[in-house]
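Chemist: My file is upload24.txt. It has compact mmCIF, C-alpha atoms:
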```txt
# COMPACT_ATOMS: atom_id res chain seq x y z
CA MET G 222 11.72 6.02 19.26
CA ARG G 223 9.27 3.74 17.47
CA GLN G 224 9.77 0.01 17.63
CA PHE G 225 8.20 -2.86 15.72
CA VAL G 226 8.43 -6.49 16.79
CA CYS G 227 7.63 -8.72 13.81
CA LEU G 228 6.95 -12.39 14.51
CA GLY G 229 7.82 -14.72 11.63
CA HIS G 230 6.53 -18.21 12.24
CA GLU G 231 8.10 -19.87 9.23
CA LEU G 232 11.16 -17.71 8.62
CA PRO G 233 14.48 -19.41 7.96
CA THR G 234 16.88 -19.72 10.90
CA ASP G 235 19.95 -20.27 8.73
CA ALA G 236 21.33 -18.76 5.55
CA ASP G 237 20.47 -21.74 3.37
CA PHE G 238 17.81 -20.22 1.14
CA SER G 239 17.66 -18.70 -2.34
CA LEU G 240 17.13 -15.01 -3.00
CA ASP G 241 15.21 -16.12 -6.11
CA ASP G 242 12.38 -17.62 -4.05
CA LEU G 243 11.65 -15.45 -1.02
CA PRO G 244 8.00 -16.56 -0.70
CA GLY G 245 9.33 -20.13 -0.47
CA ALA G 246 11.74 -19.09 2.31
CA GLY G 247 9.00 -18.89 4.94
CA ARG G 248 7.47 -15.79 3.34
CA LEU G 249 10.66 -13.81 3.76
CA ASP G 250 9.35 -11.44 1.07
CA ALA G 251 6.61 -10.27 3.45
CA LEU G 252 9.06 -9.84 6.28
CA CYS G 253 11.36 -7.76 4.09
CA ARG G 254 8.46 -5.47 3.21
CA SER G 255 7.76 -5.02 6.92
CA ILE G 256 11.40 -4.08 7.56
CA THR G 257 11.45 -1.48 4.79
CA ALA G 258 7.96 -0.13 5.62
CA ALA G 259 9.17 0.45 9.17
CA LEU G 260 12.55 1.97 8.32
CA LEU G 261 12.35 3.74 4.98
CA VAL G 262 10.66 6.86 3.67
CA SER G 263 11.26 8.59 0.36
CA HIS G 264 15.03 8.90 -0.14
CA ASP G 265 15.67 8.53 3.58
CA ILE G 266 15.80 6.24 6.59
CA ARG G 267 13.80 6.66 9.79
CA GLU G 268 16.60 6.98 12.32
CA ASP G 269 14.24 6.80 15.30
CA VAL G 270 13.01 3.29 14.43
CA ARG G 271 14.10 -0.16 15.56
CA VAL G 272 12.70 -3.36 14.05
CA HIS G 273 13.00 -6.70 15.81
CA VAL G 274 12.39 -9.72 13.59
CA VAL G 275 11.77 -12.92 15.53
CA CYS G 276 12.51 -16.04 13.49
CA ARG G 277 10.53 -19.07 14.70
CA ASP G 278 10.80 -18.15 18.37
CA GLU G 279 14.50 -18.97 18.16
CA LEU G 280 16.50 -16.03 16.79
CA ALA G 281 15.88 -12.30 16.73
CA ILE G 282 17.42 -9.86 14.26
CA THR G 283 17.36 -6.19 15.24
CA PHE G 284 17.60 -3.40 12.64
CA ASP G 285 18.48 -0.05 14.20
CA GLY G 286 17.65 2.91 11.97
CA SER G 287 20.18 5.18 13.67
CA GLU G 288 23.08 2.90 12.73
CA LEU G 289 22.02 1.17 9.52
CA ARG G 290 24.25 2.06 6.61
CA ARG G 291 22.83 0.02 3.77
CA LEU G 292 19.13 -0.62 3.40
CA ASN G 293 17.49 -0.40 0.02
CA PRO G 294 13.73 -0.61 -0.46
CA ASP G 295 13.68 -3.74 -2.62
CA GLU G 296 12.91 -7.15 -1.14
CA ARG G 297 15.88 -8.96 -2.60
CA SER G 298 18.62 -6.74 -1.15
CA THR G 299 16.82 -6.64 2.19
CA ALA G 300 16.62 -10.45 2.17
CA ALA G 301 20.37 -10.51 1.46
CA LEU G 302 20.92 -8.50 4.67
CA VAL G 303 18.77 -11.02 6.57
CA ARG G 304 20.78 -13.87 5.06
CA THR G 305 24.06 -12.24 6.07
CA ALA G 306 22.72 -11.87 9.61
CA LEU G 307 21.63 -15.51 9.77
CA ASP G 308 24.99 -16.58 8.38
CA ALA G 309 26.63 -14.99 11.44
CA ARG G 310 24.53 -16.96 13.94
CA GLU G 311 27.50 -18.92 15.29
CA GLU G 312 28.96 -15.62 16.50
CA ALA G 313 25.91 -14.98 18.72
CA ILE G 314 26.77 -16.55 22.05
CA GLY G 315 24.50 -16.40 25.10
CA ALA G 316 23.21 -12.86 25.47
CA MET G 317 25.88 -11.43 23.15
CA PRO G 318 24.62 -10.74 19.64
CA ALA G 319 26.40 -11.22 16.36
CA GLU G 320 26.85 -7.89 14.58
CA PRO G 321 27.38 -8.77 10.95
CA SER G 322 26.90 -5.24 9.61
CA PRO G 323 26.27 -1.72 10.98
CA GLY G 324 22.88 -1.44 12.66
CA ILE G 325 22.10 -5.15 12.39
CA SER G 326 22.35 -7.49 15.40
CA LEU G 327 21.38 -11.15 15.63
CA TYR G 328 20.45 -12.54 19.03
CA ARG G 329 19.81 -16.08 20.15
CA ARG G 330 16.47 -15.27 21.67
CA GLY G 331 12.83 -15.97 20.97
CA ILE G 332 9.62 -14.03 21.44
CA GLU G 333 9.54 -13.84 25.23
CA ALA G 334 13.17 -12.72 25.55
CA THR G 335 12.63 -10.17 22.77
CA LEU G 336 9.62 -8.75 24.61
CA ASP G 337 11.73 -8.71 27.80
CA ALA G 338 14.39 -6.72 25.94
CA VAL G 339 11.95 -3.96 24.92
CA ALA G 340 10.01 -3.97 28.20
CA GLY G 341 9.96 -0.53 29.79
CA GLU G 342 11.05 1.24 26.60
CA GLY G 343 7.49 2.28 25.77
CA PRO G 344 3.92 1.00 25.72
CA LEU G 345 3.41 -2.37 24.05
CA LEU G 346 0.71 -2.11 21.38
CA THR G 347 -0.98 -4.86 19.42
CA LEU G 348 -3.34 -4.55 16.47
CA HIS G 349 -6.65 -6.27 16.97
CA GLU G 350 -10.14 -6.07 15.50
CA ASP G 351 -11.56 -5.42 18.98
CA GLY G 352 -9.00 -2.69 19.66
CA ASP G 353 -9.51 1.06 19.97
CA PRO G 354 -9.70 2.91 16.63
CA LEU G 355 -6.44 4.71 15.85
CA ALA G 356 -8.29 7.96 15.14
CA GLU G 357 -9.76 7.96 18.65
CA THR G 358 -6.45 7.24 20.34
CA GLU G 359 -3.77 9.72 21.27
CA PRO G 360 -0.40 8.54 19.94
CA PRO G 361 1.83 7.57 22.86
CA ALA G 362 5.52 8.35 23.13
CA ASP G 363 7.92 5.55 22.19
CA PRO G 364 5.38 2.96 21.04
CA VAL G 365 6.38 -0.68 20.62
CA PHE G 366 4.11 -2.44 18.11
CA VAL G 367 3.93 -6.22 17.94
CA LEU G 368 2.79 -7.74 14.64
CA SER G 369 2.37 -11.24 13.33
CA ASP G 370 3.13 -12.39 9.79
CA HIS G 371 0.62 -14.00 7.39
CA ARG G 372 -0.36 -16.36 10.22
CA ASP G 373 -2.23 -15.34 13.35
CA PHE G 374 -0.50 -15.16 16.70
CA THR G 375 -0.15 -18.65 18.20
CA GLU G 376 -2.06 -19.44 21.39
CA ARG G 377 1.08 -18.96 23.48
CA GLU G 378 1.92 -15.64 21.77
CA GLY G 379 -1.66 -14.55 22.36
CA GLU G 380 -1.35 -15.31 26.06
CA LEU G 381 2.00 -13.53 26.33
CA LEU G 382 0.63 -10.45 24.60
CA ALA G 383 -2.62 -10.46 26.59
CA GLU G 384 -0.45 -10.37 29.70
CA ARG G 385 1.97 -7.71 28.54
CA ALA G 386 0.27 -5.45 26.00
CA ASP G 387 -0.67 -2.01 27.24
CA ARG G 388 -3.25 -1.40 24.56
CA ARG G 389 -4.98 -2.98 21.59
CA LEU G 390 -5.52 -0.78 18.55
CA ARG G 391 -7.63 -1.13 15.43
CA ILE G 392 -6.34 0.40 12.22
CA GLY G 393 -9.49 0.00 10.14
CA PRO G 394 -12.21 -2.34 8.97
CA THR G 395 -9.98 -4.03 6.38
CA ARG G 396 -7.53 -6.75 7.32
CA VAL G 397 -4.22 -5.74 5.72
CA HIS G 398 -0.68 -7.08 5.45
CA ALA G 399 1.82 -6.42 8.25
CA ASP G 400 3.83 -3.95 6.18
CA GLN G 401 0.64 -2.05 5.31
CA ALA G 402 -0.30 -1.93 9.01
CA ILE G 403 3.17 -0.54 9.79
CA THR G 404 2.72 2.16 7.15
CA VAL G 405 -0.68 3.13 8.59
CA ALA G 406 0.77 3.22 12.13
CA HIS G 407 3.63 5.46 10.98
CA ASN G 408 1.18 7.83 9.27
CA TRP G 409 -0.89 8.02 12.45
CA LEU G 410 2.25 8.88 14.43
CA ASP G 411 3.68 11.22 11.75
CA THR G 412 0.46 13.25 11.78
CA ASP G 413 0.18 13.13 15.59
CA GLY G 414 -3.10 11.27 15.42
CA TYR G 415 -4.32 12.79 12.14
CA THR G 416 -4.01 16.36 13.43
CA ALA G 417 -0.66 17.62 12.06
CA TYR G 418 -0.10 17.71 8.28
CA MET W 115 -14.07 1.88 -7.76
CA ARG W 116 -10.67 3.23 -6.73
CA GLN W 117 -8.05 3.86 -9.39
CA PHE W 118 -4.36 4.59 -9.20
CA VAL W 119 -2.32 5.96 -12.09
CA CYS W 120 1.38 5.31 -11.43
CA LEU W 121 3.89 7.15 -13.59
CA GLY W 122 7.20 5.32 -14.07
CA HIS W 123 9.78 7.54 -15.71
CA GLU W 124 12.47 4.91 -16.13
CA LEU W 125 10.47 1.70 -16.37
CA PRO W 126 11.36 -0.79 -19.09
CA THR W 127 9.22 -0.75 -22.23
CA ASP W 128 10.22 -4.24 -23.32
CA ALA W 129 10.67 -7.59 -21.62
CA ASP W 130 14.47 -7.53 -21.79
CA PHE W 131 15.32 -7.25 -18.10
CA SER W 132 16.32 -9.62 -15.32
CA LEU W 133 14.07 -10.51 -12.41
CA ASP W 134 17.27 -10.67 -10.33
CA ASP W 135 17.82 -6.92 -10.57
CA LEU W 136 14.52 -5.07 -10.35
CA PRO W 137 16.05 -1.83 -8.99
CA GLY W 138 18.28 -1.83 -12.08
CA ALA W 139 15.23 -2.22 -14.33
CA GLY W 140 14.14 1.40 -13.89
CA ARG W 141 13.14 0.84 -10.25
CA LEU W 142 10.61 -1.82 -11.22
CA ASP W 143 10.77 -3.04 -7.59
CA ALA W 144 9.11 0.18 -6.44
CA LEU W 145 6.46 -0.06 -9.12
CA CYS W 146 5.67 -3.65 -8.12
CA ARG W 147 5.17 -2.55 -4.52
CA SER W 148 2.74 0.13 -5.73
CA ILE W 149 0.77 -2.48 -7.70
CA THR W 150 0.47 -4.84 -4.73
CA ALA W 151 -0.21 -2.02 -2.23
CA ALA W 152 -3.09 -0.94 -4.42
CA LEU W 153 -4.55 -4.37 -5.11
CA LEU W 154 -3.81 -6.68 -2.20
CA VAL W 155 -4.96 -6.97 1.37
CA SER W 156 -4.41 -9.85 3.76
CA HIS W 157 -5.26 -13.09 1.91
CA ASP W 158 -7.39 -11.22 -0.61
CA ILE W 159 -7.52 -8.94 -3.61
CA ARG W 160 -9.31 -5.58 -3.78
CA GLU W 161 -11.76 -6.24 -6.59
CA ASP W 162 -12.86 -2.59 -6.79
CA VAL W 163 -9.38 -1.34 -7.73
CA ARG W 164 -7.73 -0.63 -11.07
CA VAL W 165 -4.05 0.29 -11.38
CA HIS W 166 -2.67 1.96 -14.49
CA VAL W 167 1.11 1.82 -14.81
CA VAL W 168 2.49 4.25 -17.37
CA CYS W 169 5.92 3.21 -18.66
CA ARG W 170 7.94 6.20 -19.92
CA ASP W 171 4.95 7.99 -21.42
CA GLU W 172 4.82 5.28 -24.04
CA LEU W 173 2.95 2.21 -22.78
CA ALA W 174 0.31 1.72 -20.11
CA ILE W 175 -0.41 -1.54 -18.29
CA THR W 176 -3.77 -1.81 -16.53
CA PHE W 177 -4.35 -4.25 -13.67
CA ASP W 178 -8.04 -4.81 -12.97
CA GLY W 179 -8.72 -6.25 -9.51
CA SER W 180 -12.08 -7.69 -10.55
CA GLU W 181 -10.50 -9.89 -13.21
CA LEU W 182 -6.97 -10.61 -11.98
CA ARG W 183 -6.40 -14.28 -11.30
CA ARG W 184 -2.80 -14.44 -10.22
CA LEU W 185 -1.19 -11.70 -8.18
CA ASN W 186 1.10 -12.56 -5.30
CA PRO W 187 2.45 -9.96 -2.90
CA ASP W 188 6.15 -10.46 -3.67
CA GLU W 189 8.01 -8.13 -6.03
CA ARG W 190 9.54 -10.82 -8.19
CA SER W 191 6.33 -12.56 -9.25
CA THR W 192 4.65 -9.19 -9.80
CA ALA W 193 7.59 -8.13 -11.97
CA ALA W 194 7.16 -11.37 -13.93
CA LEU W 195 3.56 -10.33 -14.69
CA VAL W 196 4.82 -6.94 -15.88
CA ARG W 197 7.41 -8.67 -18.05
CA THR W 198 4.76 -10.95 -19.60
CA ALA W 199 2.65 -7.88 -20.36
CA LEU W 200 5.59 -6.06 -21.98
CA ASP W 201 6.41 -9.19 -23.96
CA ALA W 202 2.96 -8.96 -25.57
CA ARG W 203 3.44 -5.38 -26.75
CA GLU W 204 3.38 -6.32 -30.43
CA GLU W 205 -0.22 -7.50 -29.94
CA ALA W 206 -1.30 -4.02 -28.86
CA ILE W 207 -2.35 -2.26 -32.04
CA GLY W 208 -3.77 1.27 -32.14
CA ALA W 209 -6.36 1.60 -29.39
CA MET W 210 -6.68 -2.18 -28.94
CA PRO W 211 -4.74 -3.51 -25.96
CA ALA W 212 -2.82 -6.73 -25.66
CA GLU W 213 -4.37 -8.97 -23.01
CA PRO W 214 -1.63 -11.35 -21.98
CA SER W 215 -3.37 -12.66 -18.87
CA PRO W 216 -6.70 -12.22 -17.06
CA GLY W 217 -7.12 -8.71 -15.68
CA ILE W 218 -3.96 -7.36 -17.33
CA SER W 219 -4.08 -5.16 -20.45
CA LEU W 220 -1.23 -3.40 -22.19
CA TYR W 221 -2.02 -0.29 -24.21
CA ARG W 222 0.11 1.76 -26.54
CA ARG W 223 -0.59 5.00 -24.78
CA GLY W 224 1.23 7.50 -22.64
CA ILE W 225 0.26 9.72 -19.76
CA GLU W 226 -2.16 12.04 -21.54
CA ALA W 227 -4.08 9.23 -23.23
CA THR W 228 -4.20 7.31 -19.93
CA LEU W 229 -5.66 10.36 -18.18
CA ASP W 230 -8.13 10.68 -21.08
CA ALA W 231 -9.15 7.05 -20.52
CA VAL W 232 -10.02 7.60 -16.84
CA ALA W 233 -11.55 11.06 -17.36
CA GLY W 234 -15.11 11.21 -16.06
CA GLU W 235 -14.76 8.02 -14.02
CA GLY W 236 -14.18 9.96 -10.79
CA PRO W 237 -12.31 12.96 -9.38
CA LEU W 238 -8.62 13.15 -10.25
CA LEU W 239 -6.55 13.51 -7.08
CA THR W 240 -2.86 14.26 -6.71
CA LEU W 241 -0.73 14.18 -3.58
CA HIS W 242 1.07 17.42 -2.86
CA GLU W 243 2.66 19.14 0.10
CA ASP W 244 0.40 22.14 -0.41
CA GLY W 245 -2.70 19.95 -0.65
CA ASP W 246 -5.61 19.60 1.78
CA PRO W 247 -4.93 17.28 4.72
CA LEU W 248 -6.60 13.88 4.24
CA ALA W 249 -8.18 14.06 7.69
CA GLU W 250 -9.96 17.29 6.78
CA THR W 251 -11.25 15.99 3.47
CA GLU W 252 -14.33 13.91 2.86
CA PRO W 253 -13.45 10.85 0.79
CA PRO W 254 -15.02 11.17 -2.65
CA ALA W 255 -16.68 8.36 -4.55
CA ASP W 256 -14.58 6.66 -7.23
CA PRO W 257 -11.30 8.53 -6.67
CA VAL W 258 -8.54 8.40 -9.27
CA PHE W 259 -5.13 9.03 -7.68
CA VAL W 260 -2.12 10.00 -9.78
CA LEU W 261 1.30 9.24 -8.31
CA SER W 262 4.85 9.61 -9.51
CA ASP W 263 7.69 7.18 -8.85
CA HIS W 264 10.99 8.02 -7.08
CA ARG W 265 11.28 11.05 -9.37
CA ASP W 266 9.06 14.12 -9.22
CA PHE W 267 6.46 14.79 -11.88
CA THR W 268 8.08 16.29 -14.97
CA GLU W 269 7.20 19.85 -15.92
CA ARG W 270 4.82 18.62 -18.62
CA GLU W 271 3.14 16.15 -16.24
CA GLY W 272 2.82 18.94 -13.69
CA GLU W 273 1.08 21.13 -16.24
CA LEU W 274 -1.23 18.32 -17.34
CA LEU W 275 -2.18 17.56 -13.75
CA ALA W 276 -2.60 21.23 -12.80
CA GLU W 277 -5.08 21.45 -15.66
CA ARG W 278 -6.97 18.26 -14.90
CA ALA W 279 -6.72 17.46 -11.21
CA ASP W 280 -9.85 18.09 -9.18
CA ARG W 281 -8.06 18.25 -5.88
CA ARG W 282 -4.62 18.15 -4.26
CA LEU W 283 -4.31 16.18 -1.05
CA ARG W 284 -1.64 15.97 1.63
CA ILE W 285 -1.17 12.67 3.43
CA GLY W 286 1.17 13.89 6.17
CA PRO W 287 4.32 15.81 7.00
CA THR W 288 6.62 12.97 5.93
CA ARG W 289 7.52 12.35 2.32
CA VAL W 290 6.91 8.64 1.74
CA HIS W 291 7.24 6.11 -1.08
CA ALA W 292 4.44 5.77 -3.64
CA ASP W 293 3.34 2.38 -2.29
CA GLN W 294 3.20 3.80 1.24
CA ALA W 295 1.09 6.72 -0.02
CA ILE W 296 -1.28 4.24 -1.69
CA THR W 297 -1.60 2.31 1.58
CA VAL W 298 -2.39 5.51 3.48
CA ALA W 299 -4.95 6.53 0.86
CA HIS W 300 -6.65 3.12 1.07
CA ASN W 301 -6.80 3.37 4.87
CA TRP W 302 -8.37 6.81 4.60
CA LEU W 303 -10.98 5.42 2.21
CA ASP W 304 -11.49 2.15 4.12
CA THR W 305 -12.26 4.10 7.30
CA ASP W 306 -14.42 6.64 5.44
CA GLY W 307 -12.11 9.49 6.39
CA TYR W 308 -10.98 8.05 9.75
CA THR W 309 -14.54 7.71 11.06
CA ALA W 310 -15.46 4.03 10.48
CA TYR W 311 -13.38 1.30 12.13
```
Can you give me the file's structure in the form of structure tokens?
Modeler:
Amino acid sequence: MRQFVCLGHELPTDADFSLDDLPGAGRLDALCRSITAALLVSHDIREDVRVHVVCRDELAITFDGSELRRLNPDERSTAALVRTALDAREEAIGAMPAEPSPGISLYRRGIEATLDAVAGEGPLLTLHEDGDPLAETEPPADPVFVLSDHRDFTEREGELLAERADRRLRIGPTRVHADQAITVAHNWLDTDGYTAY
Amino acid sequence: MRQFVCLGHELPTDADFSLDDLPGAGRLDALCRSITAALLVSHDIREDVRVHVVCRDELAITFDGSELRRLNPDERSTAALVRTALDAREEAIGAMPAEPSPGISLYRRGIEATLDAVAGEGPLLTLHEDGDPLAETEPPADPVFVLSDHRDFTEREGELLAERADRRLRIGPTRVHADQAITVAHNWLDTDGYTAY
């Protein structure tokens, strides 16, 4: 299992946004690219992947590759899935999620509770310019990556991650988008640390 | 300079399509992701990159990172740039391109003429499951990658590339989308073959 926790600092927390302006909806376009980079390959879905999208430290939407039925690679249809999930938020009560469609669950929980939920499922990995180069690191089993959006981690997120992260990794000298970092991480894992092609 | 030649077998060749249905416009969504994967990093543009999009072996749109002024990471605004380029097609006459906006040129040329145009600018590289693993290959100067869309290369394209390609490379055991392959190729080049982080 590979998991990705994507923190969206400006994402919508309700369904009141237009599919015609995803950048204006808290950069939902970028988030959608992270979801599809994590879950899709050519003509197929990665069944061993779960993505947890945290919206403004308030709600978390989980996409489970083993159960997802409909996920297309384009941003607009992915954003429509996010909107459907947010539209079901009243059905998420306490620790019980709303389950608006197969493989998609919406929880009333923020960053800390989302990290609690994945704790113990695998090593928590963050990407950082002072981290260990991917090529010099042996890929662990069941990694859980935590990524920020176009904004840096907040001070509180930084503290939480400093406390909990098992390892900091560096993917290269170039600062890339979250979805690009996910693609690079997958390639590192797919090739077993650049050894199996 | 890094160049990417993206072959789109079903892309529109005129501006008569809706930004609300990019998958329905010959999978223009996928093409837009390839353009932005090639040209954008976090909060910046890769100035040393050129992308050549070949639409149905009929038209070619070139995006030059050193001159582009407006390119956002979302699919819809990128598709709008493509549409503006296609809308200027009447201004492309013979070998002279239309230049509808800074850094974007539309040529009346297909695959062979596009390959002619980049010939000699650097080694022509294709991605193939029988290719050499990236990690065992030294990154060349000025690479020109040729990628297909969601469809395989046609027989004629395969013959052309077999004749002209300098090297076939393999990026991993998993078959990924074109934009993901571009991201992996950039990471390989950025890290100088997984040695510089």
Chemist: Tell me which of G:Arg248, G:Arg396, G:Arg385, G:His407 sits closest to Asp337 in chain G, counting all atoms listed in the file.
Modeler: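 For Asp337 in chain G, the nearest of the given residues is G:Arg385.
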Chemist: Between G:Ile332, G:Leu382, G:Leu232, G:Val274, single out the one closest to Gly247 in chain G, counting all atoms listed in the file.
Modeler: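 Smallest separation from Gly247 in chain G among the options: G:Leu232.
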Chemist: Taking only C-alpha atoms into account, which of W:Arg160, W:Arg170, W:His242, W:Arg190 comes nearest Cys120 in chain W?
Modeler: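 Checking each candidate against Cys120 in chain W, we get W:Arg170 as the closest.
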Chemist: Show me, as number ranges by chain, the residues that have an atom within 10 Å of Asp266 in chain W when counting all atoms listed in the file, minus same-chain residues fewer than 6 positions from it.
Modeler: W: 121, 123, 272
Chemist: Please measure the separation of CA of Ala129 in chain W and CA of Leu145 in chain W, giving the value in Å to one decimal.
Modeler: 15.2 Å
Chemist: Residues of chain W within 9 Å of chain G, using all atoms listed in the file, as number ranges by chain?
Modeler: W: 133-137, 141, 143-144, 147, 151, 154-158, 187-190, 243, 246-250, 264, 284-292, 294-295, 297-298, 301-302, 304-305, 308-311
Chemist: Would you place a box with edges along x, y and z of the file around all atoms of range 272-285 of chain W listed there, add 4 Å to each of its six sides, and report the centre and edge lengths in Å to one decimal, as JSON?
Modeler:
```
{"center_x": -3.5, "center_y": 17.1, "center_z": -7.0, "size_x": 20.7, "size_y": 16.8, "size_z": 28.8}
```
Chemist: So, counting only C-alpha atoms, which residue among W:Arg197, W:Arg223, W:Arg282, W:Arg203 is closest to Ala174 in chain W?
Modeler: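 Comparing W:Arg197, W:Arg223, W:Arg282, W:Arg203 against Ala174 in chain W, the winner is W:Arg223.
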Chemist: Choose the residue, out of G:Thr305, G:Thr335, G:Gln224, G:Thr347, that has the smallest atom-to-atom separation from Arg271 in chain G; count only C-alpha atoms.
Modeler: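 For Arg271 in chain G, the nearest of the given residues is G:Gln224.
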Chemist: Write out as number ranges by chain each polymer residue whose atoms come within 9 Å of Pro254 in chain W, counting only C-alpha atoms; drop sequence neighbours fewer than 2 positions from it.
Modeler: W: 236-237, 251-252, 256-257, 303
Chemist: Keeping only C-alpha atoms, take the residues you just selected and write them out as a PDB file, in the coordinates of the input.
Modeler:
```pdb
ATOM      1  CA  GLY W 236     -14.180   9.960 -10.790  1.00  0.00           C
ATOM      2  CA  PRO W 237     -12.310  12.960  -9.380  1.00  0.00           C
ATOM      3  CA  THR W 251     -11.250  15.990   3.470  1.00  0.00           C
ATOM      4  CA  GLU W 252     -14.330  13.910   2.860  1.00  0.00           C
ATOM      5  CA  ASP W 256     -14.580   6.660  -7.230  1.00  0.00           C
ATOM      6  CA  PRO W 257     -11.300   8.530  -6.670  1.00  0.00           C
ATOM      7  CA  LEU W 303     -10.980   5.420   2.210  1.00  0.00           C
TER       8      LEU W 303
END
```
